[in-house]
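What follows is a single structure, written as structure tokens, with notes after it.
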Amino acid sequence: MDRERLTRWDMEKTIAYGARFGEVRATANLCGFSAYLPPGETDFTEERMAEVGMLDEGTVIGSEAETRLMRFVRESEHFHKLATPGPHWYLLLLCVDPALQGTGTGSRLLADLFSRADEVGLPIYLETLSAKNVPYYQKRGFDVRSEGYLSDGGVYVWYMVRDPVTR
């Protein structure tokens, strides 16, 4: 399976998961969107993954990619619980059309989540697989709480948390 098709499948399932168990926001022109899970709903479970078709990946993306995906989910859940053991928000996804990156679109998509998290005094958790995203999130108050390669030496992951801003 080519990378573009695999990425599209992953994004569709992640958005479906966010819509079913949390919230999805999109820009008016559909060139940017975010998906996040509220406090108390931040665990990835097999039952929930099955509800949105994430466990059908073997037939869609192949067994090798399925093995990597499930390893990522298991290991990320471990670091997720270490980084944010108490109630928190979980930013699943923030995507902006490359042509609009740097225009404030991502920040506008994050504004509602930041406001809600700060209002109730809870942190926001995320993970990113892209080194270029780390400074972007750091500028918005996230700190790297853990980072490293998955156990098979595959992808490198940064686990980040934004503590609430008190007013």
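Just so we're on the same page: first chain in the structure tokens is A, next is B, and so on; residues restart at 1 for each chain, and ligands are numbered from 1 in the order they show up.
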Excluding Asn29 of chain A and its own-chain neighbours fewer than 3 positions away, which residues fall within 12 Å of it when counting only C-alpha atoms? Please give them as a ChimeraX atom specification. /A:25-26,32-33,96-97,100,105
With DSSP run on the backbone, what are the alpha helix (DSSP H) residues within chain A? I'd like them as a VMD selection string. chain A and resid 3 to 21 46 to 51 57 to 61 63 to 83 105 to 120 133 to 139
Nearest to Tyr36 of chain A, chosen from A:Val120, A:Val134, A:Ala83, A:Leu113, with only C-alpha atoms counted in the distances: A:Leu113
Could you pull out the strand (DSSP E) residues of chain A from DSSP and send them as a PyMOL selection string? chain A and resi 23-26+32-37+89-96+124-128+142-149+156-162
Looking at A:Leu69, A:Lys81, A:His88, A:Phe44, which one is nearest to Thr7 of chain A, with distances taken over only C-alpha atoms? A:Leu69
Write out as a ChimeraX atom specification the residues lying within 10 Å of Asp163 of chain A, counting only C-alpha atoms and excluding same-chain residues fewer than 6 positions away. /A:84,88,114,117-118,121-125,141-143
